[in-house]
Each structure stands twice: as C-alpha cells, then as structure tokens.
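This is upload.tsv. It holds TSV, C-alpha atoms.
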```tsv
chain	number	residue	atom	x	y	z
L	1	MET	CA	0.00	0.00	0.00
L	2	THR	CA	2.85	2.30	0.54
L	3	SER	CA	3.62	2.17	-3.16
L	4	LYS	CA	0.11	3.41	-3.92
L	5	VAL	CA	0.48	6.24	-1.50
L	6	LYS	CA	3.71	7.38	-3.13
L	7	ALA	CA	2.20	7.10	-6.61
L	8	LEU	CA	-0.78	9.24	-5.80
L	9	PRO	CA	1.15	12.45	-5.13
L	10	ALA	CA	3.21	11.88	-8.32
L	11	ALA	CA	0.08	11.37	-10.41
L	12	ALA	CA	-1.45	14.46	-8.90
L	13	ALA	CA	1.69	16.46	-9.70
L	14	VAL	CA	1.52	15.41	-13.36
L	15	ARG	CA	-2.17	16.16	-13.48
L	16	ASP	CA	-1.67	19.57	-11.92
L	17	ALA	CA	1.37	20.45	-14.09
L	18	GLU	CA	-0.47	20.12	-17.38
L	19	PRO	CA	-4.12	21.02	-17.25
L	20	THR	CA	-6.44	19.05	-19.48
L	21	PRO	CA	-8.39	20.88	-22.10
L	22	THR	CA	-12.05	21.43	-21.59
L	23	PRO	CA	-14.64	22.35	-24.17
L	24	ASP	CA	-14.17	25.97	-23.10
L	25	THR	CA	-10.36	26.04	-23.51
L	26	ASP	CA	-8.05	25.66	-26.48
L	27	VAL	CA	-5.26	23.05	-26.57
L	28	ALA	CA	-2.72	25.84	-27.12
L	29	VAL	CA	-3.83	27.58	-23.97
L	30	VAL	CA	-3.56	24.36	-21.98
L	31	ARG	CA	0.05	23.92	-23.10
L	32	GLY	CA	1.07	27.26	-21.84
L	33	GLY	CA	0.59	29.41	-24.94
L	34	THR	CA	-2.11	31.78	-25.93
L	35	LYS	CA	-4.85	31.27	-28.44
L	36	ASN	CA	-2.89	33.37	-30.94
L	37	LYS	CA	0.62	32.05	-30.17
L	38	PRO	CA	0.75	28.42	-29.09
L	39	THR	CA	4.03	27.11	-27.68
L	40	ALA	CA	5.52	24.00	-29.23
L	41	THR	CA	6.95	21.11	-27.32
L	42	LYS	CA	10.48	19.88	-27.98
L	43	SER	CA	9.23	16.87	-29.93
L	44	GLU	CA	7.08	19.10	-32.11
L	45	VAL	CA	10.10	21.30	-32.87
L	46	ILE	CA	12.20	18.24	-33.76
L	47	MET	CA	9.41	16.84	-35.90
L	48	GLN	CA	8.91	20.18	-37.66
L	49	SER	CA	12.63	20.53	-38.40
L	50	GLY	CA	12.69	16.95	-39.70
L	51	ILE	CA	9.73	17.66	-41.97
L	52	GLU	CA	11.41	20.84	-43.24
L	53	ALA	CA	14.63	18.90	-43.92
L	54	VAL	CA	12.74	16.21	-45.84
L	55	GLN	CA	10.82	18.86	-47.78
L	56	GLY	CA	14.10	20.57	-48.68
L	57	GLN	CA	15.60	17.29	-49.90
L	58	VAL	CA	12.44	16.43	-51.85
L	59	GLN	CA	12.49	19.89	-53.44
L	60	GLN	CA	16.15	19.47	-54.41
L	61	GLN	CA	15.44	16.05	-55.94
L	62	VAL	CA	12.42	17.40	-57.82
L	63	GLU	CA	14.50	20.30	-59.17
L	64	LYS	CA	17.24	17.87	-60.16
L	65	ALA	CA	14.70	15.60	-61.87
L	66	MET	CA	13.17	18.56	-63.70
L	67	LYS	CA	16.61	19.71	-64.87
L	68	THR	CA	17.39	16.19	-66.07
L	69	ALA	CA	14.04	15.99	-67.84
L	70	GLU	CA	14.68	19.33	-69.55
L	71	GLU	CA	18.15	18.19	-70.64
L	72	LEU	CA	16.72	14.91	-71.92
L	73	PHE	CA	13.99	16.76	-73.80
L	74	ALA	CA	16.54	19.09	-75.39
L	75	PHE	CA	18.76	16.14	-76.27
L	76	ASN	CA	15.85	14.25	-77.86
L	77	GLN	CA	14.87	17.38	-79.75
L	78	GLY	CA	18.41	17.45	-81.17
L	79	ASN	CA	18.03	13.79	-82.12
L	80	LEU	CA	14.81	14.54	-83.95
L	81	GLU	CA	16.44	17.43	-85.78
L	82	ALA	CA	19.32	15.13	-86.80
L	83	VAL	CA	16.86	12.55	-88.16
L	84	VAL	CA	15.00	15.23	-90.11
L	85	LYS	CA	18.26	16.59	-91.55
L	86	SER	CA	19.40	13.07	-92.42
L	87	SER	CA	16.07	12.37	-94.15
L	88	GLN	CA	16.33	15.58	-96.15
L	89	ILE	CA	19.84	14.68	-97.31
L	90	TRP	CA	18.71	11.15	-98.18
L	91	PHE	CA	15.67	12.20	-100.20
L	92	ALA	CA	17.59	14.92	-102.05
L	93	GLY	CA	20.32	12.39	-102.90
L	94	VAL	CA	17.84	9.74	-104.03
L	95	GLN	CA	16.15	12.35	-106.21
L	96	ASP	CA	19.53	13.24	-107.75
L	97	LEU	CA	20.35	9.56	-108.33
L	98	SER	CA	16.95	9.04	-109.94
L	99	LYS	CA	17.65	11.93	-112.31
L	100	GLN	CA	21.00	10.34	-113.19
L	101	PHE	CA	19.30	6.99	-113.84
L	102	ALA	CA	16.73	8.68	-116.07
L	103	ALA	CA	19.44	10.56	-117.98
L	104	ASN	CA	21.43	7.35	-118.44
L	105	ALA	CA	18.35	5.49	-119.64
L	106	GLN	CA	17.53	8.28	-122.09
L	107	ALA	CA	21.10	8.31	-123.42
L	108	GLN	CA	21.11	4.52	-123.73
L	109	PHE	CA	17.78	4.58	-125.56
L	110	GLU	CA	19.11	7.19	-128.00
L	111	GLU	CA	22.27	5.13	-128.58
L	112	THR	CA	20.17	2.04	-129.18
L	113	VAL	CA	18.00	3.86	-131.76
L	114	SER	CA	21.14	5.21	-133.42
L	115	ALA	CA	22.71	1.74	-133.45
L	116	PHE	CA	19.55	0.24	-134.96
L	117	LYS	CA	19.57	2.88	-137.70
L	118	THR	CA	23.22	2.16	-138.37
L	119	LEU	CA	22.55	-1.59	-138.49
L	120	THR	CA	19.85	-1.06	-141.10
L	121	THR	CA	22.40	0.51	-143.44
L	122	VAL	CA	25.02	-2.28	-143.40
L	123	LYS	CA	25.79	-4.04	-146.68
L	124	SER	CA	27.23	-7.34	-145.42
L	125	LEU	CA	26.94	-9.80	-142.59
L	126	LYS	CA	30.57	-9.24	-141.56
L	127	GLU	CA	29.96	-5.51	-141.33
L	128	ALA	CA	26.83	-6.17	-139.19
L	129	VAL	CA	28.76	-8.47	-136.84
L	130	ASP	CA	31.62	-5.99	-136.49
L	131	LEU	CA	29.20	-3.14	-135.83
L	132	GLN	CA	27.25	-5.23	-133.32
L	133	SER	CA	30.48	-6.21	-131.56
L	134	THR	CA	31.62	-2.57	-131.38
L	135	LEU	CA	28.23	-1.44	-130.07
L	136	ALA	CA	28.15	-4.20	-127.44
L	137	ARG	CA	31.68	-3.39	-126.25
L	138	SER	CA	30.82	0.33	-126.08
L	139	ALA	CA	27.58	-0.37	-124.18
L	140	LEU	CA	29.41	-2.65	-121.72
L	141	GLU	CA	32.13	-0.04	-121.10
L	142	LYS	CA	29.54	2.69	-120.55
L	143	SER	CA	27.53	0.43	-118.28
L	144	MET	CA	30.59	-0.41	-116.15
L	145	SER	CA	31.57	3.25	-115.98
L	146	GLU	CA	28.07	4.36	-115.00
L	147	THR	CA	27.74	1.54	-112.44
L	148	GLY	CA	30.97	2.63	-110.76
L	149	ARG	CA	29.90	6.27	-110.79
L	150	ILE	CA	26.44	5.46	-109.39
L	151	SER	CA	27.98	3.20	-106.72
L	152	ASP	CA	30.36	5.96	-105.63
L	153	ALA	CA	27.50	8.47	-105.54
L	154	SER	CA	25.37	6.01	-103.51
L	155	PHE	CA	28.13	5.46	-100.94
L	156	LYS	CA	28.73	9.19	-100.68
L	157	LEU	CA	25.01	9.77	-100.22
L	158	ALA	CA	24.84	7.13	-97.48
L	159	GLU	CA	27.77	8.74	-95.65
L	160	GLN	CA	26.21	12.19	-95.91
L	161	ALA	CA	22.80	10.95	-94.76
L	162	VAL	CA	24.21	9.09	-91.76
L	163	ALA	CA	26.54	11.92	-90.68
L	164	PRO	CA	23.98	13.91	-88.61
L	165	ILE	CA	22.85	10.78	-86.78
L	166	ALA	CA	26.43	9.63	-86.22
L	167	ALA	CA	27.24	13.03	-84.74
L	168	ARG	CA	24.31	12.66	-82.30
L	169	VAL	CA	25.48	9.16	-81.33
L	170	THR	CA	28.96	10.51	-80.66
L	171	LEU	CA	27.51	13.31	-78.57
L	172	ALA	CA	25.36	10.84	-76.63
L	173	VAL	CA	28.34	8.61	-75.88
L	174	GLU	CA	30.38	11.59	-74.69
L	175	LYS	CA	27.57	13.09	-72.64
L	176	PHE	CA	26.33	9.93	-70.97
L	177	SER	CA	29.77	8.38	-70.39
L	178	HIS	CA	30.57	11.39	-68.16
L	179	ALA	CA	27.29	10.92	-66.28
L	180	VAL	CA	28.15	7.33	-65.41
```
Can you give me the file's structure in the form of structure tokens?
Amino acid sequence: MTSKVKALPAAAAVRDAEPTPTPDTDVAVVRGGTKNKPTATKSEVIMQSGIEAVQGQVQQQVEKAMKTAEELFAFNQGNLEAVVKSSQIWFAGVQDLSKQFAANAQAQFEETVSAFKTLTTVKSLKEAVDLQSTLARSALEKSMSETGRISDASFKLAEQAVAPIAARVTLAVEKFSHAV
C-alpha cells in the first residue's frame, strides 16, 4: 500500500502540471501558450525541423529531376532534328540519283536507236557483226563506268545521310559516359 500512497502524489503532480483541455479552452492555452501564439513542445520542434529537412531534400530532388528531364527533352529534340536533316539529305540524294538513272536510260535509248539505224544501213553480214560487236563493247564499257559512278554516288550519299545521326550518337556517348 505504501507504493500506492507514493504514486498518488506523483500522479497528482503530473495532473496539476499540465491542465487538461475542456470544451471551453483551447489546446494551445492548456500547453502554456495563448490562443494566438501556441508554444511548441520539444518533440514538435524536432518533428517540424525533420519535416522541413525532408521537404528541402524532396524539393532538391524534384528540381534535379526537372533539370534532367529538360536536358533529356533538349537532347531528344536534337536527335529529332538530326533525323529530319538526315532524311532531307537522303531524299535529295535519291532524287539526284533518280535523275542520273533517267538521264542514263535516255542516253542509252538514244544510242540504241542510233545503233539500230546504223545496223539497217550495213551491206554485209561481216559488217553487221563488227558493228554489233563494237556497239556491245561500247555499251558494256559505258555500263561499267556508270555503275561505278552510281555506286560511288550512292556510298557518298549514305555517308552524308548518316553523318547527322552519327554526330548525335557521338555526342550521346560523350555526354552519358561522363554521367556514369
């Protein structure tokens, strides 16, 4: 029973030290503040500073994420511009090659008509065979020459069309290798 007697004054001291709120009083007033300026306990101050620290870190991470997103958007915009430029180069080059093919076909057609006219004027079979042999050799030489020229132009076009994209790939490797 002596332990109960000692506990009673301690419980009363706690009860008297911090009054309990009633419907007529505000919690802030009970804790020692006023209705306009409540006082905070030590745990509330610690909790508030912890919340502010977390909010600061979250804000920094959000700002960092936004900056990264903006950089990624700008980088992807550059990629899109490189693809557009590459496509323009490609289509202009294909158009030029098509014109060359058409010109070669026209020239070959004209040579064929001329050769046919020449063949109609021959007087002997030997002369026809010689003329046909000369025309075939000439056509083969022109064909080989044009094939080489078209191949070179095609490779050059491919290099030019890929150059903007290759530059973006190089930039990406440089940029993202530093990030890692």
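Counting from atom CA of Gln100 of chain L, the distance to atom CA of Ser154 of chain L is 11.5 Å.
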Please write out, as lines of an AutoDock Vina configuration file, where the centre of an axis-aligned box around all listed atoms of segment 104-109 of chain L lies and how long its edges are, in Å to one decimal, after adding 8 Å on each side.
```
center_x = 19.5
center_y = 6.4
center_z = -122.0
size_x = 19.9
size_y = 19.8
size_z = 23.1
```
Find the spatial neighbours of segment 168-176 of chain L, counting only C-alpha atoms, within a cut-off of 10 Å - ignore same-chain residues fewer than 3 positions away - and output them as a PyMOL selection string. chain L and resi 75-76+78-83+163-165+179-180
For Gln160 of chain L, the nearest of the candidates L:Leu135, L:Ala102, L:Val94, L:Leu140, counting all atoms listed in the file: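 Checking each of L:Leu135, L:Ala102, L:Val94, L:Leu140 against Gln160 of chain L, counting all atoms listed in the file, the winner is L:Val94.
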Provide the atom CA of Glu111 of chain L to atom CA of Glu146 of chain L distance in Å, to one decimal place. 14.8 Å
Just checking: using all atoms listed in the file, which residue out of L:Ala74, L:Met66, L:Ser49, L:Lys85 ends up closest to Val162 of chain L?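 The answer is L:Lys85, which sits nearest to Val162 of chain L.
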Grab the atom CA of Ala161 of chain L to atom CA of Ser98 of chain L distance for me, in Å with one decimal place.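 We find that atom CA of Ala161 of chain L and atom CA of Ser98 of chain L lie 16.4 Å from each other.
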I'd like to know which of L:Gln77, L:Ser86, L:Ser43, L:Gln108 is closest to Lys142 of chain L, using all atoms listed in the file.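 Using all atoms listed in the file, Lys142 of chain L sits closest to L:Gln108.
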Who sits within 10 Å of Thr118 of chain L, only C-alpha atoms, same chain under 3 positions skipped, as a PyMOL selection string: chain L and resi 112-115+121-122+128+131-132
Kindly export the residues of the current selection with C-alpha atoms, as a PDB file, in the frame of the given file.
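Contents of the output file out_0.pdb:
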```pdb
ATOM      1  CA  THR L 112      20.170   2.040-129.180  1.00  0.00           C
ATOM      2  CA  VAL L 113      18.000   3.860-131.760  1.00  0.00           C
ATOM      3  CA  SER L 114      21.140   5.210-133.420  1.00  0.00           C
ATOM      4  CA  ALA L 115      22.710   1.740-133.450  1.00  0.00           C
ATOM      5  CA  THR L 121      22.400   0.510-143.440  1.00  0.00           C
ATOM      6  CA  VAL L 122      25.020  -2.280-143.400  1.00  0.00           C
ATOM      7  CA  ALA L 128      26.830  -6.170-139.190  1.00  0.00           C
ATOM      8  CA  LEU L 131      29.200  -3.140-135.830  1.00  0.00           C
ATOM      9  CA  GLN L 132      27.250  -5.230-133.320  1.00  0.00           C
TER      10      GLN L 132
END
```
Considering all atoms listed in the file, can you say which of L:His178, L:Lys64, L:Lys42, L:Lys99 comes closest to Ile150 of chain L? L:Lys99
